[in-house]
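File shown: my_file_4.cif. Contents: mmCIF, C-alpha atoms and all ligand atoms; chains and numbers go by the auth columns.
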```cif
data_coords
#
loop_
_atom_site.group_PDB
_atom_site.id
_atom_site.type_symbol
_atom_site.label_atom_id
_atom_site.label_comp_id
_atom_site.label_asym_id
_atom_site.label_seq_id
_atom_site.Cartn_x
_atom_site.Cartn_y
_atom_site.Cartn_z
_atom_site.B_iso_or_equiv
_atom_site.auth_seq_id
_atom_site.auth_asym_id
ATOM 1 C CA MET A 1 77.162 96.243 102.532 0.00 628 B
ATOM 2 C CA LYS A 2 75.914 92.735 103.283 0.00 629 B
ATOM 3 C CA THR A 3 75.126 91.923 106.922 0.00 630 B
ATOM 4 C CA THR A 4 75.208 88.579 108.698 0.00 631 B
ATOM 5 C CA GLY A 5 72.703 89.516 111.426 0.00 632 B
ATOM 6 C CA GLY A 6 73.291 90.996 114.902 0.00 633 B
ATOM 7 C CA SER A 7 72.430 94.427 116.248 0.00 634 B
ATOM 8 C CA THR A 8 73.335 97.390 114.039 0.00 635 B
ATOM 9 C CA GLU A 9 73.877 99.616 117.103 0.00 636 B
ATOM 10 C CA ALA A 10 76.289 97.134 118.684 0.00 637 B
ATOM 11 C CA LYS A 11 78.177 96.800 115.402 0.00 638 B
ATOM 12 C CA ARG A 12 78.388 100.578 115.050 0.00 639 B
ATOM 13 C CA ARG A 13 79.768 100.950 118.578 0.00 640 B
ATOM 14 C CA ALA A 14 82.392 98.247 118.008 0.00 641 B
ATOM 15 C CA GLY A 15 83.492 99.638 114.637 0.00 642 B
ATOM 16 C CA GLU A 16 83.671 103.238 115.809 0.00 643 B
ATOM 17 C CA HIS A 17 85.542 102.251 118.981 0.00 644 B
ATOM 18 C CA ALA A 18 88.204 100.336 117.056 0.00 645 B
ATOM 19 C CA ALA A 19 88.588 103.270 114.653 0.00 646 B
ATOM 20 C CA THR A 20 89.783 105.440 117.562 0.00 647 B
ATOM 21 C CA ALA A 21 92.988 103.322 117.557 0.00 648 B
ATOM 22 C CA VAL A 22 93.911 104.710 114.118 0.00 649 B
ATOM 23 C CA GLU A 23 96.697 107.309 114.333 0.00 650 B
ATOM 24 C CA ASP A 24 98.255 109.816 111.960 0.00 651 B
ATOM 25 C CA GLY A 25 100.595 108.241 109.404 0.00 652 B
ATOM 26 C CA MET A 26 99.222 104.708 109.738 0.00 653 B
ATOM 27 C CA VAL A 27 98.587 102.155 107.008 0.00 654 B
ATOM 28 C CA VAL A 28 95.242 100.636 107.996 0.00 655 B
ATOM 29 C CA GLY A 29 93.782 97.312 106.863 0.00 656 B
ATOM 30 C CA LEU A 30 90.123 97.842 106.010 0.00 657 B
ATOM 31 C CA GLY A 31 88.038 94.747 106.735 0.00 658 B
ATOM 32 C CA THR A 32 84.874 93.585 105.023 0.00 659 B
ATOM 33 C CA GLY A 33 81.317 93.298 106.356 0.00 660 B
ATOM 34 C CA SER A 34 78.758 95.480 108.071 0.00 661 B
ATOM 35 C CA THR A 35 80.752 95.912 111.326 0.00 662 B
ATOM 36 C CA ALA A 36 84.039 96.792 109.637 0.00 663 B
ATOM 37 C CA ALA A 37 82.026 99.224 107.480 0.00 664 B
ATOM 38 C CA HIS A 38 81.278 101.296 110.609 0.00 665 B
ATOM 39 C CA ALA A 39 85.015 101.543 111.250 0.00 666 B
ATOM 40 C CA ILE A 40 85.651 102.617 107.644 0.00 667 B
ATOM 41 C CA ARG A 41 82.986 105.344 107.937 0.00 668 B
ATOM 42 C CA ALA A 42 84.523 106.563 111.215 0.00 669 B
ATOM 43 C CA ILE A 43 88.010 106.631 109.651 0.00 670 B
ATOM 44 C CA GLY A 44 86.536 108.581 106.726 0.00 671 B
ATOM 45 C CA ALA A 45 85.080 111.149 109.138 0.00 672 B
ATOM 46 C CA ALA A 46 88.483 111.445 110.858 0.00 673 B
ATOM 47 C CA VAL A 47 90.198 111.922 107.474 0.00 674 B
ATOM 48 C CA ASP A 48 87.738 114.782 106.826 0.00 675 B
ATOM 49 C CA ASP A 49 88.981 116.281 110.090 0.00 676 B
ATOM 50 C CA GLY A 50 92.623 116.053 108.978 0.00 677 B
ATOM 51 C CA LEU A 51 93.767 112.517 109.874 0.00 678 B
ATOM 52 C CA ASP A 52 96.513 111.412 107.465 0.00 679 B
ATOM 53 C CA VAL A 53 96.222 107.655 106.760 0.00 680 B
ATOM 54 C CA VAL A 54 96.010 105.223 103.869 0.00 681 B
ATOM 55 C CA GLY A 55 93.763 102.172 103.827 0.00 682 B
ATOM 56 C CA VAL A 56 94.408 98.728 102.371 0.00 683 B
ATOM 57 C CA PRO A 57 90.983 97.318 101.433 0.00 684 B
ATOM 58 C CA THR A 58 90.245 93.608 101.812 0.00 685 B
ATOM 59 C CA SER A 59 87.509 93.437 99.153 0.00 686 B
ATOM 60 C CA PHE A 60 85.855 95.231 96.257 0.00 687 B
ATOM 61 C CA GLN A 61 83.167 96.310 98.738 0.00 688 B
ATOM 62 C CA SER A 62 85.502 97.762 101.383 0.00 689 B
ATOM 63 C CA ARG A 63 87.446 99.568 98.644 0.00 690 B
ATOM 64 C CA GLN A 64 84.253 101.129 97.282 0.00 691 B
ATOM 65 C CA LEU A 65 83.146 102.230 100.735 0.00 692 B
ATOM 66 C CA ALA A 66 86.569 103.668 101.576 0.00 693 B
ATOM 67 C CA ILE A 67 86.558 105.686 98.362 0.00 694 B
ATOM 68 C CA GLU A 68 83.031 106.968 99.077 0.00 695 B
ATOM 69 C CA GLU A 69 84.081 107.928 102.615 0.00 696 B
ATOM 70 C CA GLY A 70 87.216 109.737 101.451 0.00 697 B
ATOM 71 C CA VAL A 71 89.793 107.283 102.811 0.00 698 B
ATOM 72 C CA PRO A 72 92.803 107.118 100.432 0.00 699 B
ATOM 73 C CA VAL A 73 93.291 103.506 99.322 0.00 700 B
ATOM 74 C CA VAL A 74 96.370 101.585 98.224 0.00 701 B
ATOM 75 C CA ASP A 75 97.088 97.949 97.394 0.00 702 B
ATOM 76 C CA LEU A 76 99.057 95.832 99.833 0.00 703 B
ATOM 77 C CA ASP A 77 102.022 95.629 97.454 0.00 704 B
ATOM 78 C CA GLU A 78 102.340 99.430 97.496 0.00 705 B
ATOM 79 C CA VAL A 79 103.096 99.613 101.218 0.00 706 B
ATOM 80 C CA GLY A 80 105.905 98.272 103.365 0.00 707 B
ATOM 81 C CA GLY A 81 103.484 96.839 105.933 0.00 708 B
ATOM 82 C CA VAL A 82 100.201 97.354 107.731 0.00 709 B
ATOM 83 C CA ASP A 83 100.159 99.110 111.111 0.00 710 B
ATOM 84 C CA LEU A 84 96.629 98.244 112.168 0.00 711 B
ATOM 85 C CA ALA A 85 93.818 96.143 110.682 0.00 712 B
ATOM 86 C CA ILE A 86 90.163 96.313 111.705 0.00 713 B
ATOM 87 C CA ASP A 87 87.926 93.469 110.576 0.00 714 B
ATOM 88 C CA GLY A 88 84.736 91.648 111.529 0.00 715 B
ATOM 89 C CA ALA A 89 84.098 87.960 112.219 0.00 716 B
ATOM 90 C CA ASP A 90 81.322 85.412 111.911 0.00 717 B
ATOM 91 C CA GLN A 91 82.242 83.571 115.108 0.00 718 B
ATOM 92 C CA ILE A 92 84.753 84.173 117.898 0.00 719 B
ATOM 93 C CA ALA A 93 85.778 81.641 120.561 0.00 720 B
ATOM 94 C CA ASP A 94 88.829 82.172 122.789 0.00 721 B
ATOM 95 C CA GLY A 95 90.166 84.720 120.317 0.00 722 B
ATOM 96 C CA GLN A 96 90.031 82.276 117.390 0.00 723 B
ATOM 97 C CA LEU A 97 87.812 83.298 114.489 0.00 724 B
ATOM 98 C CA ILE A 98 85.719 82.010 111.650 0.00 725 B
ATOM 99 C CA LYS A 99 85.502 84.565 108.851 0.00 726 B
ATOM 100 C CA GLY A 100 84.352 84.579 105.251 0.00 727 B
ATOM 101 C CA GLY A 101 80.645 85.364 105.546 0.00 728 B
ATOM 102 C CA GLY A 102 81.274 87.907 102.810 0.00 729 B
ATOM 103 C CA ALA A 103 83.535 85.510 100.860 0.00 730 B
ATOM 104 C CA ALA A 104 86.424 87.931 101.378 0.00 731 B
ATOM 105 C CA HIS A 105 88.490 85.805 103.789 0.00 732 B
ATOM 106 C CA ALA A 106 91.450 85.213 101.453 0.00 733 B
ATOM 107 C CA ARG A 107 92.327 88.900 101.140 0.00 734 B
ATOM 108 C CA GLU A 108 91.203 89.536 104.710 0.00 735 B
ATOM 109 C CA LYS A 109 93.625 86.935 106.035 0.00 736 B
ATOM 110 C CA ILE A 110 96.541 88.333 104.044 0.00 737 B
ATOM 111 C CA VAL A 111 95.925 91.890 105.259 0.00 738 B
ATOM 112 C CA ASP A 112 94.965 90.979 108.852 0.00 739 B
ATOM 113 C CA ALA A 113 98.002 88.706 109.195 0.00 740 B
ATOM 114 C CA ALA A 114 100.280 91.407 107.788 0.00 741 B
ATOM 115 C CA ALA A 115 99.145 93.923 110.406 0.00 742 B
ATOM 116 C CA ASP A 116 101.234 94.752 113.469 0.00 743 B
ATOM 117 C CA ARG A 117 97.934 94.919 115.373 0.00 744 B
ATOM 118 C CA PHE A 118 94.678 93.254 114.311 0.00 745 B
ATOM 119 C CA LEU A 119 91.452 94.405 115.978 0.00 746 B
ATOM 120 C CA VAL A 120 88.330 92.270 115.564 0.00 747 B
ATOM 121 C CA VAL A 121 85.022 94.130 115.718 0.00 748 B
ATOM 122 C CA ALA A 122 81.766 92.352 116.462 0.00 749 B
ATOM 123 C CA ASP A 123 78.390 92.368 118.147 0.00 750 B
ATOM 124 C CA PRO A 124 77.763 89.939 121.032 0.00 751 B
ATOM 125 C CA SER A 125 75.989 87.367 118.798 0.00 752 B
ATOM 126 C CA LYS A 126 79.407 86.447 117.347 0.00 753 B
ATOM 127 C CA GLN A 127 80.893 85.315 120.664 0.00 754 B
ATOM 128 C CA VAL A 128 80.511 81.601 121.398 0.00 755 B
ATOM 129 C CA GLU A 129 82.010 78.981 123.713 0.00 756 B
ATOM 130 C CA SER A 130 83.256 76.787 120.835 0.00 757 B
ATOM 131 C CA LEU A 131 83.476 77.410 117.098 0.00 758 B
ATOM 132 C CA ASP A 132 80.786 75.508 115.208 0.00 759 B
ATOM 133 C CA HIS A 133 79.973 77.764 112.247 0.00 760 B
ATOM 134 C CA ALA A 134 80.489 76.335 108.742 0.00 761 B
ATOM 135 C CA VAL A 135 84.050 77.141 107.621 0.00 762 B
ATOM 136 C CA PRO A 136 84.152 79.054 104.315 0.00 763 B
ATOM 137 C CA VAL A 137 86.722 77.565 101.957 0.00 764 B
ATOM 138 C CA GLU A 138 87.708 79.466 98.799 0.00 765 B
ATOM 139 C CA VAL A 139 88.489 76.992 96.021 0.00 766 B
ATOM 140 C CA LEU A 140 89.742 77.170 92.440 0.00 767 B
ATOM 141 C CA PRO A 141 86.605 76.319 90.410 0.00 768 B
ATOM 142 C CA ALA A 142 88.113 73.314 88.596 0.00 769 B
ATOM 143 C CA ALA A 143 89.384 71.866 91.875 0.00 770 B
ATOM 144 C CA ARG A 144 85.928 71.787 93.518 0.00 771 B
ATOM 145 C CA PRO A 145 85.243 68.007 93.206 0.00 772 B
ATOM 146 C CA VAL A 146 88.680 66.971 94.484 0.00 773 B
ATOM 147 C CA VAL A 147 88.554 69.488 97.319 0.00 774 B
ATOM 148 C CA GLU A 148 85.044 68.305 98.300 0.00 775 B
ATOM 149 C CA ARG A 149 86.391 64.745 98.502 0.00 776 B
ATOM 150 C CA ARG A 150 89.327 65.817 100.685 0.00 777 B
ATOM 151 C CA LEU A 151 87.007 67.826 102.944 0.00 778 B
ATOM 152 C CA ARG A 152 84.783 64.737 103.391 0.00 779 B
ATOM 153 C CA GLU A 153 87.894 62.756 104.407 0.00 780 B
ATOM 154 C CA LEU A 154 88.474 65.393 107.104 0.00 781 B
ATOM 155 C CA GLY A 155 84.908 64.881 108.356 0.00 782 B
ATOM 156 C CA GLY A 156 83.459 67.982 106.695 0.00 783 B
ATOM 157 C CA GLU A 157 80.172 68.271 104.824 0.00 784 B
ATOM 158 C CA SER A 158 80.520 71.030 102.268 0.00 785 B
ATOM 159 C CA SER A 159 78.051 72.918 100.108 0.00 786 B
ATOM 160 C CA LEU A 160 78.741 75.302 97.274 0.00 787 B
ATOM 161 C CA ARG A 161 77.773 78.868 98.231 0.00 788 B
ATOM 162 C CA THR A 162 75.197 80.108 95.742 0.00 789 B
ATOM 163 C CA ALA A 163 74.520 83.698 94.783 0.00 790 B
ATOM 164 C CA GLU A 164 71.290 85.385 95.814 0.00 791 B
ATOM 165 C CA ARG A 165 70.686 87.587 92.799 0.00 792 B
ATOM 166 C CA LYS A 166 72.521 85.586 90.143 0.00 793 B
ATOM 167 C CA ASP A 167 72.127 82.010 88.973 0.00 794 B
ATOM 168 C CA GLY A 168 74.955 79.782 90.108 0.00 795 B
ATOM 169 C CA PRO A 169 77.743 80.137 92.640 0.00 796 B
ATOM 170 C CA VAL A 170 79.121 83.129 94.493 0.00 797 B
ATOM 171 C CA VAL A 171 82.311 84.090 92.648 0.00 798 B
ATOM 172 C CA THR A 172 84.911 85.732 94.903 0.00 799 B
ATOM 173 C CA ASP A 173 86.884 88.895 94.137 0.00 800 B
ATOM 174 C CA ASN A 174 89.647 86.468 93.075 0.00 801 B
ATOM 175 C CA GLY A 175 87.449 84.579 90.589 0.00 802 B
ATOM 176 C CA ASN A 176 87.011 81.476 92.740 0.00 803 B
ATOM 177 C CA VAL A 177 84.065 79.683 94.373 0.00 804 B
ATOM 178 C CA VAL A 178 83.308 79.110 98.063 0.00 805 B
ATOM 179 C CA LEU A 179 82.475 75.853 99.811 0.00 806 B
ATOM 180 C CA ASP A 180 80.852 76.271 103.233 0.00 807 B
ATOM 181 C CA CYS A 181 82.060 73.291 105.195 0.00 808 B
ATOM 182 C CA GLU A 182 80.320 71.972 108.330 0.00 809 B
ATOM 183 C CA PHE A 183 82.635 70.268 110.820 0.00 810 B
ATOM 184 C CA GLY A 184 80.299 70.407 113.852 0.00 811 B
ATOM 185 C CA THR A 185 82.042 71.695 116.976 0.00 812 B
ATOM 186 C CA ILE A 186 85.645 72.545 116.181 0.00 813 B
ATOM 187 C CA ASP A 187 87.612 71.546 119.284 0.00 814 B
ATOM 188 C CA ALA A 188 91.069 72.106 117.785 0.00 815 B
ATOM 189 C CA PRO A 189 90.877 75.015 115.304 0.00 816 B
ATOM 190 C CA GLY A 190 94.663 75.104 114.882 0.00 817 B
ATOM 191 C CA THR A 191 94.824 71.465 113.811 0.00 818 B
ATOM 192 C CA LEU A 192 91.906 71.827 111.399 0.00 819 B
ATOM 193 C CA ALA A 193 93.416 75.025 109.968 0.00 820 B
ATOM 194 C CA GLU A 194 96.710 73.244 109.303 0.00 821 B
ATOM 195 C CA ARG A 195 94.956 70.303 107.599 0.00 822 B
ATOM 196 C CA LEU A 196 92.865 72.573 105.385 0.00 823 B
ATOM 197 C CA ALA A 197 95.967 74.509 104.389 0.00 824 B
ATOM 198 C CA THR A 198 97.558 71.341 102.969 0.00 825 B
ATOM 199 C CA ILE A 199 94.742 70.580 100.488 0.00 826 B
ATOM 200 C CA PRO A 200 95.724 71.515 96.915 0.00 827 B
ATOM 201 C CA GLY A 201 93.042 73.645 95.283 0.00 828 B
ATOM 202 C CA ILE A 202 92.092 75.505 98.451 0.00 829 B
ATOM 203 C CA VAL A 203 93.074 79.148 98.035 0.00 830 B
ATOM 204 C CA GLU A 204 92.255 80.042 101.644 0.00 831 B
ATOM 205 C CA HIS A 205 89.970 78.941 104.467 0.00 832 B
ATOM 206 C CA GLY A 206 88.099 81.053 107.001 0.00 833 B
ATOM 207 C CA LEU A 207 89.740 79.819 110.213 0.00 834 B
ATOM 208 C CA PHE A 208 91.824 82.686 111.613 0.00 835 B
ATOM 209 C CA VAL A 209 93.938 81.061 114.305 0.00 836 B
ATOM 210 C CA ASP A 210 96.155 83.129 116.630 0.00 837 B
ATOM 211 C CA LEU A 211 95.852 86.195 114.397 0.00 838 B
ATOM 212 C CA ALA A 212 93.675 88.571 116.445 0.00 839 B
ATOM 213 C CA ASP A 213 95.267 90.911 118.996 0.00 840 B
ATOM 214 C CA GLU A 214 92.091 92.476 120.391 0.00 841 B
ATOM 215 C CA VAL A 215 88.362 91.789 120.197 0.00 842 B
ATOM 216 C CA HIS A 216 86.095 94.853 120.427 0.00 843 B
ATOM 217 C CA VAL A 217 82.498 93.852 121.111 0.00 844 B
ATOM 218 C CA GLY A 218 79.759 96.479 120.990 0.00 845 B
ATOM 219 C CA THR A 219 76.992 96.035 123.567 0.00 846 B
ATOM 220 C CA ALA A 220 73.701 97.872 124.171 0.00 847 B
ATOM 221 C CA GLU A 221 75.531 100.618 126.119 0.00 848 B
ATOM 222 C CA ASP A 222 79.258 100.493 125.421 0.00 849 B
ATOM 223 C CA VAL A 223 82.152 98.386 124.113 0.00 850 B
ATOM 224 C CA THR A 224 84.144 95.647 125.814 0.00 851 B
ATOM 225 C CA VAL A 225 87.739 95.097 124.710 0.00 852 B
ATOM 226 C CA GLU A 226 89.475 91.770 125.181 0.00 853 B
ATOM 227 C CA ARG A 227 93.260 91.820 124.676 0.00 854 B
ATOM 228 C CA LEU A 228 94.636 88.466 123.581 0.00 855 B
HETATM 229 C C1 LIG B . 83.630 88.842 105.327 0.00 901 B
HETATM 230 C C2 LIG B . 83.763 88.602 106.781 0.00 901 B
HETATM 231 C C3 LIG B . 83.007 89.514 107.689 0.00 901 B
HETATM 232 O O1 LIG B . 83.919 90.218 108.462 0.00 901 B
HETATM 233 C C4 LIG B . 82.093 88.683 108.548 0.00 901 B
HETATM 234 O O2 LIG B . 81.184 87.984 107.692 0.00 901 B
HETATM 235 C C5 LIG B . 81.295 89.537 109.537 0.00 901 B
HETATM 236 O O3 LIG B . 80.380 90.339 108.864 0.00 901 B
HETATM 237 P P1 LIG B . 79.402 91.350 109.618 0.00 901 B
HETATM 238 O O4 LIG B . 80.264 92.371 110.291 0.00 901 B
HETATM 239 O O5 LIG B . 78.549 91.920 108.520 0.00 901 B
HETATM 240 O O6 LIG B . 78.594 90.560 110.621 0.00 901 B
HETATM 241 O O7 LIG B . 84.470 87.723 107.237 0.00 901 B
HETATM 242 O O8 LIG B . 84.290 87.870 104.571 0.00 901 B
#
```

How does the structure come out when it is put into structure tokens?
Ligand code: 5RP
Amino acid sequence: MKTTGGSTEAKRRAGEHAATAVEDGMVVGLGTGSTAAHAIRAIGAAVDDGLDVVGVPTSFQSRQLAIEEGVPVVDLDEVGGVDLAIDGADQIADGQLIKGGGAAHAREKIVDAAADRFLVVADPSKQVESLDHAVPVEVLPAARPVVERRLRELGGESSLRTAERKDGPVVTDNGNVVLDCEFGTIDAPGTLAERLATIPGIVEHGLFVDLADEVHVGTAEDVTVERL
């Protein structure tokens, strides 16, 4: 699973801590990324010990890992709802998130937003005073030029995310491309999120505003939990 930096130990602590919130009978949203992967492994170990849950993966990668770890998986449209979602983040400020480092933010947002309780798992490098990370924007391929123009009108400087071991762009699990859009310091994430959501051609953006219920941050020794 791809990592976006940060301490592996801190990520493991955060992921495993959040996994202790999973209870018998739950439908659990399985996030994407190296921190959420620790939670998926911990849920897999608990399933081995008799825990009865189903997971709703947020990406090809989290589905593969869940299957390898023995967590039964279902699609979102097979369940009535999601009890708990556990997912990582690229930046966290005042409980607002930027996600999409793994280009999975469209499915992540659907599953995380559907959950009764959404736990964010992270290492301390993700916590900042103000959001200023590039915002990943998933775009229908043919709409890229018009979306780039609209993003520029909003003050954003976007670049097409390119693949590392393939020529050309990253193609998402939904067959789209990703523009990473720099807005500098984002003082009003809610306003920017609303504006991005109105641009035709954008499938989903990586600003997760007022979605998280708890932030579990792994440290060198333990885990801090912020309830929002
Ligand atoms: C994937 C994501 C990830 O949750 C985010 O990139 C954090 O990843 P990691 O836990 O590996 O640092 O949003 O789209």

Using the chain letters and numbers from the file, give me the residues hit by the PyMOL selection byres (((chain B and resi 662-676) around 8) and not hetatm), as a PDB file with C-alpha atoms, keeping the file's coordinate frame.
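What ended up in result_24.pdb:
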```pdb
ATOM      1  CA  MET B 628      77.162  96.243 102.532  1.00  0.00           C
ATOM      2  CA  LYS B 638      78.177  96.800 115.402  1.00  0.00           C
ATOM      3  CA  ARG B 639      78.388 100.578 115.050  1.00  0.00           C
ATOM      4  CA  ALA B 641      82.392  98.247 118.008  1.00  0.00           C
ATOM      5  CA  GLY B 642      83.492  99.638 114.637  1.00  0.00           C
ATOM      6  CA  GLU B 643      83.671 103.238 115.809  1.00  0.00           C
ATOM      7  CA  HIS B 644      85.542 102.251 118.981  1.00  0.00           C
ATOM      8  CA  ALA B 645      88.204 100.336 117.056  1.00  0.00           C
ATOM      9  CA  ALA B 646      88.588 103.270 114.653  1.00  0.00           C
ATOM     10  CA  VAL B 649      93.911 104.710 114.118  1.00  0.00           C
ATOM     11  CA  LEU B 657      90.123  97.842 106.010  1.00  0.00           C
ATOM     12  CA  GLY B 658      88.038  94.747 106.735  1.00  0.00           C
ATOM     13  CA  THR B 659      84.874  93.585 105.023  1.00  0.00           C
ATOM     14  CA  GLY B 660      81.317  93.298 106.356  1.00  0.00           C
ATOM     15  CA  SER B 661      78.758  95.480 108.071  1.00  0.00           C
ATOM     16  CA  GLY B 677      92.623 116.053 108.978  1.00  0.00           C
ATOM     17  CA  LEU B 678      93.767 112.517 109.874  1.00  0.00           C
ATOM     18  CA  ASP B 679      96.513 111.412 107.465  1.00  0.00           C
ATOM     19  CA  VAL B 680      96.222 107.655 106.760  1.00  0.00           C
ATOM     20  CA  SER B 689      85.502  97.762 101.383  1.00  0.00           C
ATOM     21  CA  LEU B 692      83.146 102.230 100.735  1.00  0.00           C
ATOM     22  CA  ALA B 693      86.569 103.668 101.576  1.00  0.00           C
ATOM     23  CA  GLU B 696      84.081 107.928 102.615  1.00  0.00           C
ATOM     24  CA  GLY B 697      87.216 109.737 101.451  1.00  0.00           C
ATOM     25  CA  VAL B 698      89.793 107.283 102.811  1.00  0.00           C
ATOM     26  CA  ILE B 713      90.163  96.313 111.705  1.00  0.00           C
ATOM     27  CA  ASP B 714      87.926  93.469 110.576  1.00  0.00           C
ATOM     28  CA  GLY B 715      84.736  91.648 111.529  1.00  0.00           C
ATOM     29  CA  VAL B 748      85.022  94.130 115.718  1.00  0.00           C
ATOM     30  CA  ALA B 749      81.766  92.352 116.462  1.00  0.00           C
TER      31      ALA B 749
END
```

*asked:* Once the PyMOL selection byres (((chain B and resi 702) around 12) and not hetatm) has been evaluated on this model, what residues remain selected, and can you format them as an MDAnalysis selection string?
replied: chainID B and resid 654:657 681:687 690 699:701 703:709 734 737:738

*Measuring atom to atom with all atoms listed in the file, identify which of B:Leu819, B:Ala741, B:Ala720, B:Leu834 is nearest to ligand LIG 901 (chain B).*
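Smallest distance to ligand LIG 901 (chain B) is found for B:Leu834.
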
*Pick from B:Ala731, B:Ala648, B:Leu787, B:Ala847, whichever lies nearest to ligand LIG 901 (chain B) using all atoms listed in the file*: B:Ala731

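Of the residues under consideration (B:Thr818, B:Thr851, B:Gln718, B:Gln723), B:Gln718 shows the shortest atom-to-atom contact distance to Ala761 of chain B when counting all atoms listed in the file.
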
*Which polymer residues have any atom within 12 Å of an atom of Glu765 of chain B, counting all atoms listed in the file, with same-chain residues fewer than 2 positions away left out, as a ChimeraX atom specification?*
/B:726-734,736,762-763,767-771,774-775,785-788,796-808,823-824,826-834

*Using the chain letters and numbers from the file, give me the residues hit by the PyMOL selection byres (((chain B and resi 711) around 6) and not hetatm), as a ChimeraX atom specification.*
/B:655,709-710,712,742-745

*Select, from B:Val766, B:Ala716, B:Ala815, B:Ile725, the residue with the minimum atom-to-atom distance to ligand LIG 901 (chain B), counting only C-alpha atoms and all ligand atoms.*
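The answer is B:Ala716, which sits nearest to ligand LIG 901 (chain B).
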
Since the input is missing atoms, can you rebuild N, CA, C and O atoms for segment 762-774 of chain B and write them as a PDB file, in the coordinates of the input?
```pdb
ATOM      1  N   VAL B 762      82.798  76.460 107.987  1.00  0.00           N
ATOM      2  CA  VAL B 762      84.050  77.141 107.621  1.00  0.00           C
ATOM      3  C   VAL B 762      84.035  77.434 106.114  1.00  0.00           C
ATOM      4  O   VAL B 762      83.981  76.504 105.301  1.00  0.00           O
ATOM      5  N   PRO B 763      84.085  78.726 105.742  1.00  0.00           N
ATOM      6  CA  PRO B 763      84.152  79.054 104.315  1.00  0.00           C
ATOM      7  C   PRO B 763      85.520  78.671 103.737  1.00  0.00           C
ATOM      8  O   PRO B 763      86.555  78.940 104.346  1.00  0.00           O
ATOM      9  N   VAL B 764      85.483  78.017 102.595  1.00  0.00           N
ATOM     10  CA  VAL B 764      86.722  77.565 101.957  1.00  0.00           C
ATOM     11  C   VAL B 764      86.695  78.068 100.515  1.00  0.00           C
ATOM     12  O   VAL B 764      85.827  77.674  99.734  1.00  0.00           O
ATOM     13  N   GLU B 765      87.638  78.953 100.182  1.00  0.00           N
ATOM     14  CA  GLU B 765      87.708  79.466  98.799  1.00  0.00           C
ATOM     15  C   GLU B 765      88.502  78.472  97.963  1.00  0.00           C
ATOM     16  O   GLU B 765      89.607  78.063  98.342  1.00  0.00           O
ATOM     17  N   VAL B 766      87.938  78.093  96.811  1.00  0.00           N
ATOM     18  CA  VAL B 766      88.489  76.992  96.021  1.00  0.00           C
ATOM     19  C   VAL B 766      88.583  77.400  94.553  1.00  0.00           C
ATOM     20  O   VAL B 766      87.672  78.049  94.012  1.00  0.00           O
ATOM     21  N   LEU B 767      89.667  76.997  93.898  1.00  0.00           N
ATOM     22  CA  LEU B 767      89.742  77.170  92.440  1.00  0.00           C
ATOM     23  C   LEU B 767      88.595  76.376  91.819  1.00  0.00           C
ATOM     24  O   LEU B 767      88.395  75.211  92.179  1.00  0.00           O
ATOM     25  N   PRO B 768      87.818  76.987  90.900  1.00  0.00           N
ATOM     26  CA  PRO B 768      86.605  76.319  90.410  1.00  0.00           C
ATOM     27  C   PRO B 768      86.838  74.894  89.920  1.00  0.00           C
ATOM     28  O   PRO B 768      86.075  73.986  90.260  1.00  0.00           O
ATOM     29  N   ALA B 769      87.900  74.656  89.163  1.00  0.00           N
ATOM     30  CA  ALA B 769      88.113  73.314  88.596  1.00  0.00           C
ATOM     31  C   ALA B 769      88.499  72.294  89.669  1.00  0.00           C
ATOM     32  O   ALA B 769      88.386  71.084  89.453  1.00  0.00           O
ATOM     33  N   ALA B 770      88.945  72.776  90.814  1.00  0.00           N
ATOM     34  CA  ALA B 770      89.384  71.866  91.875  1.00  0.00           C
ATOM     35  C   ALA B 770      88.237  71.466  92.802  1.00  0.00           C
ATOM     36  O   ALA B 770      88.433  70.656  93.720  1.00  0.00           O
ATOM     37  N   ARG B 771      87.028  72.003  92.568  1.00  0.00           N
ATOM     38  CA  ARG B 771      85.928  71.787  93.518  1.00  0.00           C
ATOM     39  C   ARG B 771      85.686  70.305  93.837  1.00  0.00           C
ATOM     40  O   ARG B 771      85.675  69.938  95.019  1.00  0.00           O
ATOM     41  N   PRO B 772      85.543  69.404  92.847  1.00  0.00           N
ATOM     42  CA  PRO B 772      85.243  68.007  93.206  1.00  0.00           C
ATOM     43  C   PRO B 772      86.346  67.349  94.047  1.00  0.00           C
ATOM     44  O   PRO B 772      86.050  66.650  95.007  1.00  0.00           O
ATOM     45  N   VAL B 773      87.616  67.623  93.703  1.00  0.00           N
ATOM     46  CA  VAL B 773      88.680  66.971  94.484  1.00  0.00           C
ATOM     47  C   VAL B 773      88.753  67.569  95.890  1.00  0.00           C
ATOM     48  O   VAL B 773      88.984  66.855  96.874  1.00  0.00           O
ATOM     49  N   VAL B 774      88.521  68.864  95.983  1.00  0.00           N
ATOM     50  CA  VAL B 774      88.554  69.488  97.319  1.00  0.00           C
ATOM     51  C   VAL B 774      87.384  68.966  98.162  1.00  0.00           C
ATOM     52  O   VAL B 774      87.556  68.636  99.343  1.00  0.00           O
TER      53      VAL B 774
END
```
